[in-house]
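Okay, query11.pdb is below, PDB, C-alpha atoms, pLDDT in the B column:
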```pdb
ATOM      1  CA  MET M 195     -25.046 -17.051 102.096  1.00 56.00           C
ATOM      2  CA  ARG M 196     -28.688 -17.340 101.207  1.00 77.00           C
ATOM      3  CA  SER M 197     -30.114 -18.920  98.068  1.00 87.00           C
ATOM      4  CA  GLU M 198     -31.919 -17.474  95.081  1.00 91.00           C
ATOM      5  CA  SER M 199     -35.202 -18.827  96.435  1.00 92.00           C
ATOM      6  CA  GLU M 200     -34.633 -16.886  99.662  1.00 93.00           C
ATOM      7  CA  PHE M 201     -34.078 -13.702  97.669  1.00 94.00           C
ATOM      8  CA  ILE M 202     -37.314 -14.322  95.769  1.00 95.00           C
ATOM      9  CA  ALA M 203     -39.167 -14.956  99.019  1.00 95.00           C
ATOM     10  CA  LEU M 204     -37.776 -11.739 100.509  1.00 95.00           C
ATOM     11  CA  TYR M 205     -38.750  -9.780  97.418  1.00 96.00           C
ATOM     12  CA  GLU M 206     -42.264 -11.220  97.239  1.00 96.00           C
ATOM     13  CA  SER M 207     -42.980 -10.849 100.944  1.00 96.00           C
ATOM     14  CA  ARG M 208     -41.496  -7.394 101.558  1.00 96.00           C
ATOM     15  CA  PHE M 209     -41.676  -5.427  98.285  1.00 96.00           C
ATOM     16  CA  SER M 210     -45.160  -3.981  98.902  1.00 95.00           C
ATOM     17  CA  GLU M 211     -44.391  -3.047 102.491  1.00 95.00           C
ATOM     18  CA  LEU M 212     -41.179  -1.283 101.534  1.00 96.00           C
ATOM     19  CA  ALA M 213     -42.812   0.445  98.557  1.00 95.00           C
ATOM     20  CA  ALA M 214     -45.546   1.748 100.890  1.00 95.00           C
ATOM     21  CA  GLN M 215     -42.902   3.215 103.209  1.00 93.00           C
ATOM     22  CA  VAL M 216     -41.062   4.934 100.363  1.00 93.00           C
ATOM     23  CA  TYR M 217     -44.379   6.124  98.928  1.00 94.00           C
ATOM     24  CA  ALA M 218     -45.150   7.820 102.234  1.00 92.00           C
ATOM     25  CA  TYR M 219     -41.854   9.683 101.846  1.00 90.00           C
ATOM     26  CA  THR M 220     -42.044  10.526  98.121  1.00 88.00           C
ATOM     27  CA  SER M 221     -45.825  10.935  97.682  1.00 89.00           C
ATOM     28  CA  ASP M 222     -45.478   9.228  94.303  1.00 91.00           C
ATOM     29  CA  SER M 223     -46.525   5.594  94.073  1.00 93.00           C
ATOM     30  CA  ALA M 224     -44.855   4.854  90.732  1.00 95.00           C
ATOM     31  CA  GLU M 225     -41.615   6.508  91.830  1.00 94.00           C
ATOM     32  CA  ALA M 226     -41.650   4.582  95.118  1.00 95.00           C
ATOM     33  CA  GLN M 227     -42.092   1.288  93.284  1.00 96.00           C
ATOM     34  CA  ASP M 228     -39.257   2.187  90.892  1.00 96.00           C
ATOM     35  CA  LEU M 229     -36.943   3.048  93.772  1.00 96.00           C
ATOM     36  CA  VAL M 230     -37.687  -0.150  95.685  1.00 97.00           C
ATOM     37  CA  GLN M 231     -37.324  -2.172  92.493  1.00 97.00           C
ATOM     38  CA  GLU M 232     -33.911  -0.556  91.939  1.00 97.00           C
ATOM     39  CA  ALA M 233     -32.889  -1.327  95.517  1.00 97.00           C
ATOM     40  CA  PHE M 234     -33.855  -4.984  95.127  1.00 97.00           C
ATOM     41  CA  LEU M 235     -32.020  -5.138  91.811  1.00 97.00           C
ATOM     42  CA  ARG M 236     -28.871  -3.824  93.457  1.00 96.00           C
ATOM     43  CA  ALA M 237     -29.308  -6.368  96.228  1.00 96.00           C
ATOM     44  CA  TRP M 238     -29.635  -9.166  93.700  1.00 96.00           C
ATOM     45  CA  GLN M 239     -26.468  -8.022  91.928  1.00 95.00           C
ATOM     46  CA  ARG M 240     -24.624  -8.318  95.260  1.00 95.00           C
ATOM     47  CA  TRP M 241     -26.619 -11.221  96.677  1.00 94.00           C
ATOM     48  CA  ASP M 242     -23.470 -13.260  97.324  1.00 92.00           C
ATOM     49  CA  THR M 243     -22.568 -10.678  99.980  1.00 94.00           C
ATOM     50  CA  ILE M 244     -25.934  -9.255 101.042  1.00 93.00           C
ATOM     51  CA  GLY M 245     -27.509 -12.684 101.337  1.00 92.00           C
ATOM     52  CA  GLY M 246     -25.038 -13.370 104.148  1.00 92.00           C
ATOM     53  CA  TYR M 247     -26.172 -10.369 106.229  1.00 94.00           C
ATOM     54  CA  ASP M 248     -28.266 -10.966 109.336  1.00 93.00           C
ATOM     55  CA  ASP M 249     -30.985  -8.712 107.899  1.00 94.00           C
ATOM     56  CA  PRO M 250     -30.703  -8.273 104.121  1.00 95.00           C
ATOM     57  CA  LEU M 251     -33.966  -6.297 104.099  1.00 95.00           C
ATOM     58  CA  ALA M 252     -32.282  -3.590 106.171  1.00 95.00           C
ATOM     59  CA  TRP M 253     -29.727  -3.161 103.378  1.00 96.00           C
ATOM     60  CA  VAL M 254     -32.459  -3.008 100.719  1.00 96.00           C
ATOM     61  CA  ARG M 255     -34.431  -0.512 102.814  1.00 96.00           C
ATOM     62  CA  ARG M 256     -31.352   1.706 103.286  1.00 96.00           C
ATOM     63  CA  VAL M 257     -30.612   1.670  99.547  1.00 96.00           C
ATOM     64  CA  ALA M 258     -34.242   2.487  98.677  1.00 96.00           C
ATOM     65  CA  TRP M 259     -34.247   5.420 101.131  1.00 95.00           C
ATOM     66  CA  ASN M 260     -30.895   6.662  99.830  1.00 95.00           C
ATOM     67  CA  LEU M 261     -32.199   6.516  96.276  1.00 96.00           C
ATOM     68  CA  ALA M 262     -35.352   8.392  97.307  1.00 94.00           C
ATOM     69  CA  THR M 263     -33.318  11.057  99.111  1.00 93.00           C
ATOM     70  CA  SER M 264     -30.979  11.479  96.146  1.00 93.00           C
ATOM     71  CA  ARG M 265     -33.889  11.814  93.755  1.00 90.00           C
ATOM     72  CA  HIS M 266     -35.581  14.291  96.098  1.00 89.00           C
ATOM     73  CA  ARG M 267     -32.397  16.418  96.160  1.00 91.00           C
ATOM     74  CA  ARG M 268     -32.012  16.311  92.379  1.00 91.00           C
ATOM     75  CA  ASN M 269     -35.645  17.323  91.953  1.00 88.00           C
ATOM     76  CA  ALA M 270     -35.196  20.189  94.432  1.00 88.00           C
ATOM     77  CA  VAL M 271     -32.170  21.463  92.479  1.00 91.00           C
ATOM     78  CA  ALA M 272     -34.157  21.247  89.248  1.00 90.00           C
ATOM     79  CA  ARG M 273     -37.098  23.108  90.815  1.00 88.00           C
ATOM     80  CA  ARG M 274     -34.813  25.895  92.057  1.00 90.00           C
ATOM     81  CA  PHE M 275     -33.239  26.187  88.621  1.00 89.00           C
ATOM     82  CA  LEU M 276     -36.627  26.359  86.923  1.00 86.00           C
ATOM     83  CA  GLN M 277     -37.849  28.981  89.395  1.00 87.00           C
ATOM     84  CA  ARG M 278     -34.807  31.181  88.670  1.00 87.00           C
ATOM     85  CA  SER M 279     -34.867  30.787  84.910  1.00 85.00           C
ATOM     86  CA  SER M 280     -37.281  32.485  82.584  1.00 82.00           C
ATOM     87  CA  PRO M 281     -39.970  30.399  80.926  1.00 76.00           C
ATOM     88  CA  PRO M 282     -39.189  29.114  77.445  1.00 73.00           C
ATOM     89  CA  GLU M 283     -40.371  31.158  74.520  1.00 75.00           C
ATOM     90  CA  PRO M 284     -43.614  29.843  73.106  1.00 72.00           C
ATOM     91  CA  HIS M 285     -43.172  27.661  70.071  1.00 69.00           C
ATOM     92  CA  PRO M 286     -45.032  29.090  67.116  1.00 70.00           C
ATOM     93  CA  GLY M 287     -47.713  26.897  65.646  1.00 72.00           C
ATOM     94  CA  MET M 288     -47.033  25.249  62.352  1.00 73.00           C
ATOM     95  CA  SER M 289     -48.119  27.370  59.420  1.00 78.00           C
ATOM     96  CA  PRO M 290     -50.031  25.815  56.529  1.00 77.00           C
ATOM     97  CA  ASP M 291     -46.873  26.203  54.408  1.00 77.00           C
ATOM     98  CA  HIS M 292     -44.839  24.256  56.966  1.00 78.00           C
ATOM     99  CA  VAL M 293     -47.426  21.491  57.066  1.00 78.00           C
ATOM    100  CA  ALA M 294     -47.462  21.327  53.260  1.00 80.00           C
ATOM    101  CA  LEU M 295     -43.662  21.179  53.112  1.00 82.00           C
ATOM    102  CA  VAL M 296     -43.483  18.357  55.650  1.00 84.00           C
ATOM    103  CA  GLU M 297     -46.213  16.430  53.835  1.00 84.00           C
ATOM    104  CA  ALA M 298     -44.450  16.898  50.502  1.00 84.00           C
ATOM    105  CA  LEU M 299     -41.123  15.807  51.999  1.00 86.00           C
ATOM    106  CA  ARG M 300     -42.766  12.601  53.218  1.00 86.00           C
ATOM    107  CA  LYS M 301     -43.527  11.702  49.609  1.00 87.00           C
ATOM    108  CA  VAL M 302     -39.944  12.207  48.381  1.00 89.00           C
ATOM    109  CA  PRO M 303     -37.823   9.026  48.394  1.00 90.00           C
ATOM    110  CA  GLU M 304     -35.735   8.629  51.569  1.00 89.00           C
ATOM    111  CA  LYS M 305     -32.229   9.278  50.148  1.00 90.00           C
ATOM    112  CA  GLN M 306     -33.398  12.308  48.214  1.00 91.00           C
ATOM    113  CA  ARG M 307     -35.354  13.606  51.206  1.00 90.00           C
ATOM    114  CA  ARG M 308     -32.326  13.214  53.457  1.00 91.00           C
ATOM    115  CA  ALA M 309     -30.097  15.112  51.018  1.00 92.00           C
ATOM    116  CA  VAL M 310     -32.624  17.945  50.630  1.00 90.00           C
ATOM    117  CA  VAL M 311     -33.147  18.284  54.387  1.00 89.00           C
ATOM    118  CA  LEU M 312     -29.429  18.189  55.199  1.00 91.00           C
ATOM    119  CA  HIS M 313     -28.594  20.682  52.441  1.00 92.00           C
ATOM    120  CA  TYR M 314     -31.384  23.220  52.872  1.00 88.00           C
ATOM    121  CA  LEU M 315     -32.410  22.867  56.498  1.00 83.00           C
ATOM    122  CA  GLY M 316     -29.128  21.585  57.921  1.00 87.00           C
ATOM    123  CA  ASP M 317     -27.075  24.028  55.816  1.00 90.00           C
ATOM    124  CA  MET M 318     -24.624  21.283  54.852  1.00 92.00           C
ATOM    125  CA  SER M 319     -22.509  21.342  51.712  1.00 93.00           C
ATOM    126  CA  VAL M 320     -22.631  18.607  49.092  1.00 94.00           C
ATOM    127  CA  SER M 321     -19.222  17.333  50.257  1.00 94.00           C
ATOM    128  CA  ASP M 322     -20.389  17.251  53.913  1.00 93.00           C
ATOM    129  CA  ILE M 323     -23.491  15.271  52.956  1.00 93.00           C
ATOM    130  CA  ALA M 324     -21.347  12.893  50.903  1.00 94.00           C
ATOM    131  CA  THR M 325     -19.053  12.351  53.887  1.00 93.00           C
ATOM    132  CA  GLN M 326     -21.953  11.776  56.277  1.00 90.00           C
ATOM    133  CA  THR M 327     -23.842   9.404  54.001  1.00 91.00           C
ATOM    134  CA  GLY M 328     -20.819   7.622  52.543  1.00 92.00           C
ATOM    135  CA  ALA M 329     -21.957   8.496  49.009  1.00 93.00           C
ATOM    136  CA  LYS M 330     -20.020  10.177  46.226  1.00 95.00           C
ATOM    137  CA  GLU M 331     -20.545  13.901  45.673  1.00 93.00           C
ATOM    138  CA  GLY M 332     -22.047  13.227  42.237  1.00 95.00           C
ATOM    139  CA  THR M 333     -24.593  10.917  43.847  1.00 95.00           C
ATOM    140  CA  VAL M 334     -25.517  13.581  46.409  1.00 93.00           C
ATOM    141  CA  LYS M 335     -25.936  16.144  43.605  1.00 95.00           C
ATOM    142  CA  SER M 336     -28.220  13.679  41.820  1.00 95.00           C
ATOM    143  CA  TRP M 337     -30.238  13.137  44.990  1.00 94.00           C
ATOM    144  CA  LEU M 338     -30.594  16.899  45.442  1.00 93.00           C
ATOM    145  CA  HIS M 339     -31.641  17.427  41.818  1.00 95.00           C
ATOM    146  CA  ARG M 340     -34.219  14.649  41.902  1.00 94.00           C
ATOM    147  CA  GLY M 341     -35.388  15.575  45.401  1.00 91.00           C
ATOM    148  CA  ARG M 342     -35.968  19.215  44.416  1.00 92.00           C
ATOM    149  CA  ALA M 343     -37.890  18.102  41.329  1.00 92.00           C
ATOM    150  CA  GLU M 344     -40.100  15.737  43.349  1.00 89.00           C
ATOM    151  CA  LEU M 345     -40.633  18.330  46.046  1.00 87.00           C
ATOM    152  CA  ALA M 346     -41.569  20.993  43.489  1.00 88.00           C
ATOM    153  CA  ARG M 347     -44.031  18.613  41.832  1.00 88.00           C
ATOM    154  CA  TYR M 348     -45.770  17.815  45.127  1.00 84.00           C
ATOM    155  CA  LEU M 349     -45.819  21.446  46.268  1.00 84.00           C
ATOM    156  CA  ASN M 350     -47.200  22.639  42.908  1.00 86.00           C
ATOM    157  CA  GLU M 351     -49.860  19.936  43.097  1.00 81.00           C
ATOM    158  CA  PHE M 352     -50.769  21.070  46.604  1.00 76.00           C
ATOM    159  CA  GLU M 353     -50.866  24.726  45.566  1.00 77.00           C
ATOM    160  CA  ALA M 354     -53.169  23.925  42.645  1.00 76.00           C
ATOM    161  CA  THR M 355     -55.571  21.600  44.467  1.00 74.00           C
ATOM    162  CA  GLY M 356     -55.102  22.327  48.157  1.00 69.00           C
ATOM    163  CA  GLU M 357     -54.447  18.657  48.852  1.00 67.00           C
ATOM    164  CA  PHE M 358     -52.007  15.870  48.112  1.00 59.00           C
ATOM    165  CA  ARG M 359     -53.013  12.883  46.033  1.00 58.00           C
ATOM    166  CA  ARG M 360     -51.970   9.475  47.157  1.00 51.00           C
ATOM    167  CA  SER M 361     -49.594   7.629  44.918  1.00 48.00           C
ATOM    168  CA  GLY M 362     -51.505   6.148  41.969  1.00 49.00           C
ATOM    169  CA  GLU M 363     -54.693   8.081  42.748  1.00 50.00           C
ATOM    170  CA  VAL M 364     -56.438   9.562  39.725  1.00 48.00           C
ATOM    171  CA  THR M 365     -58.016  12.995  39.955  1.00 49.00           C
ATOM    172  CA  PRO M 366     -61.481  13.090  38.361  1.00 48.00           C
ATOM    173  CA  ARG M 367     -61.959  15.634  35.578  1.00 45.00           C
ATOM    174  CA  GLY M 368     -64.964  17.870  35.748  1.00 42.00           C
TER     175      GLY M 368
END
```
Is it possible to express this structure as structure tokens?
Amino acid sequence: MRSESEFIALYESRFSELAAQVYAYTSDSAEAQDLVQEAFLRAWQRWDTIGGYDDPLAWVRRVAWNLATSRHRRNAVARRFLQRSSPPEPHPGMSPDHVALVEALRKVPEKQRRAVVLHYLGDMSVSDIATQTGAKEGTVKSWLHRGRAELARYLNEFEATGEFRRSGEVTPRG
């Protein structure tokens, strides 16, 4: 069996060479380095056994090539799937109303915001929210009431001025 220092020497002296070989196969330098790194990691995990081989680098090389081949096959399957499937529907851009709602929600305290989002966007009942959050139903109802009030205040402010004030900011009177 070889020592830890011999593993380190093998890694330092042969990593670049092996990564260059795998790069020639994969055409992706970062992927080749990842694959060789993974192969050396697996060798280190089994160094008690692999360190006793006549040529431990041959084992590392074989593992790196196997990993590269497996990744190549997975990528080929993914490419075939993507070629057969239709492209995803375009995601609509965010409307000004959506942006205003998200901005207003950011200003609502976290527990209230969570309750409002789960109830109105997640279509969850008060009892479901209580179960998920570990709170009592009365507490969830309170969060919803306060959250709606805060949200309405921020959205009315936005509708009136076209912008949100920061907390504590005073609006000048004209």
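Distances from M:Thr333, M:Thr325, M:Asn260, M:Ser280 to Val230 of chain M were compared using only C-alpha atoms, and the smallest one belongs to M:Asn260.
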Return the padded bounding box of segment 207-214 of chain M as lines of an AutoDock Vina configuration file: axis-aligned, built from all atoms listed in the file, 5 Å added on each side, with centre and edge lengths in Å to one decimal.
```
center_x = -43.4
center_y = -4.6
center_z = 100.4
size_x = 14.4
size_y = 22.6
size_z = 14.2
```
Give me the residues near segment 217-229 of chain M as an mmCIF file with C-alpha atoms, in the coordinates of the input, where near means some atom within 9 Å (using only C-alpha atoms) and where sequence neighbours in that chain fewer than 2 positions away do not count.
```cif
data_model
loop_
_atom_site.group_PDB
_atom_site.id
_atom_site.type_symbol
_atom_site.label_atom_id
_atom_site.label_comp_id
_atom_site.auth_asym_id
_atom_site.auth_seq_id
_atom_site.Cartn_x
_atom_site.Cartn_y
_atom_site.Cartn_z
ATOM 1 C CA PHE M 209 -41.676 -5.427 98.285
ATOM 2 C CA SER M 210 -45.160 -3.981 98.902
ATOM 3 C CA LEU M 212 -41.179 -1.283 101.534
ATOM 4 C CA ALA M 213 -42.812 0.445 98.557
ATOM 5 C CA ALA M 214 -45.546 1.748 100.890
ATOM 6 C CA GLN M 215 -42.902 3.215 103.209
ATOM 7 C CA GLN M 231 -37.324 -2.172 92.493
ATOM 8 C CA GLU M 232 -33.911 -0.556 91.939
ATOM 9 C CA ALA M 233 -32.889 -1.327 95.517
ATOM 10 C CA PHE M 234 -33.855 -4.984 95.127
ATOM 11 C CA VAL M 257 -30.612 1.670 99.547
ATOM 12 C CA ALA M 258 -34.242 2.487 98.677
ATOM 13 C CA TRP M 259 -34.247 5.420 101.131
ATOM 14 C CA LEU M 261 -32.199 6.516 96.276
ATOM 15 C CA ALA M 262 -35.352 8.392 97.307
ATOM 16 C CA THR M 263 -33.318 11.057 99.111
ATOM 17 C CA HIS M 266 -35.581 14.291 96.098
#
```
Q: Rank nothing, just name the residue among M:Phe352, M:Leu235, M:Gly341, M:Val334 nearest to Pro290 of chain M, using only C-alpha atoms.
A: M:Phe352
Might you spell out which residues the PyMOL selection byres ((chain M and resi 307) around 12) would select in the displayed file, as a short mmCIF file (atom, residue, chain, number, x, y, z; two decimals) with C-alpha atoms, keeping the file's coordinate frame?
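In the end it all went to part_14.cif:
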```cif
data_model
loop_
_atom_site.label_atom_id
_atom_site.label_comp_id
_atom_site.auth_asym_id
_atom_site.auth_seq_id
_atom_site.Cartn_x
_atom_site.Cartn_y
_atom_site.Cartn_z
CA LEU M 295 -43.66 21.18 53.11
CA VAL M 296 -43.48 18.36 55.65
CA GLU M 297 -46.21 16.43 53.84
CA ALA M 298 -44.45 16.90 50.50
CA LEU M 299 -41.12 15.81 52.00
CA ARG M 300 -42.77 12.60 53.22
CA LYS M 301 -43.53 11.70 49.61
CA VAL M 302 -39.94 12.21 48.38
CA PRO M 303 -37.82 9.03 48.39
CA GLU M 304 -35.74 8.63 51.57
CA LYS M 305 -32.23 9.28 50.15
CA GLN M 306 -33.40 12.31 48.21
CA ARG M 308 -32.33 13.21 53.46
CA ALA M 309 -30.10 15.11 51.02
CA VAL M 310 -32.62 17.94 50.63
CA VAL M 311 -33.15 18.28 54.39
CA LEU M 312 -29.43 18.19 55.20
CA HIS M 313 -28.59 20.68 52.44
CA TYR M 314 -31.38 23.22 52.87
CA LEU M 315 -32.41 22.87 56.50
CA VAL M 334 -25.52 13.58 46.41
CA SER M 336 -28.22 13.68 41.82
CA TRP M 337 -30.24 13.14 44.99
CA LEU M 338 -30.59 16.90 45.44
CA HIS M 339 -31.64 17.43 41.82
CA ARG M 340 -34.22 14.65 41.90
CA GLY M 341 -35.39 15.58 45.40
CA ARG M 342 -35.97 19.22 44.42
CA ALA M 343 -37.89 18.10 41.33
CA GLU M 344 -40.10 15.74 43.35
CA LEU M 345 -40.63 18.33 46.05
#
```
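Rounded to one decimal, atom CA of Ser321 of chain M and atom CA of Ala346 of chain M lie 23.6 Å from each other.
Nearest residue to Glu198 of chain M, choosing from M:Val254, M:Ala237, M:Met288, M:Val216 and counting all atoms listed in the file: M:Ala237.
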Q.
Please compute the atom CA of Gln239 of chain M-atom CA of Arg265 of chain M distance, one decimal, in Å.
A. 21.3 Å
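The two atoms in question, atom CA of Pro281 of chain M and atom CA of Arg268 of chain M, are spaced 19.8 Å apart.
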Q. What's the 12 Å shell around Gly246 of chain M, counting only C-alpha atoms, without same-chain residues fewer than 6 positions away, as a PyMOL selection string?
A. chain M and resi 195-197+200-201+237+240+253
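Nearest to Glu353 of chain M of all the residues M:Ser279, M:Ala294, M:Leu204, M:Thr327 is M:Ala294, based on only C-alpha atoms.
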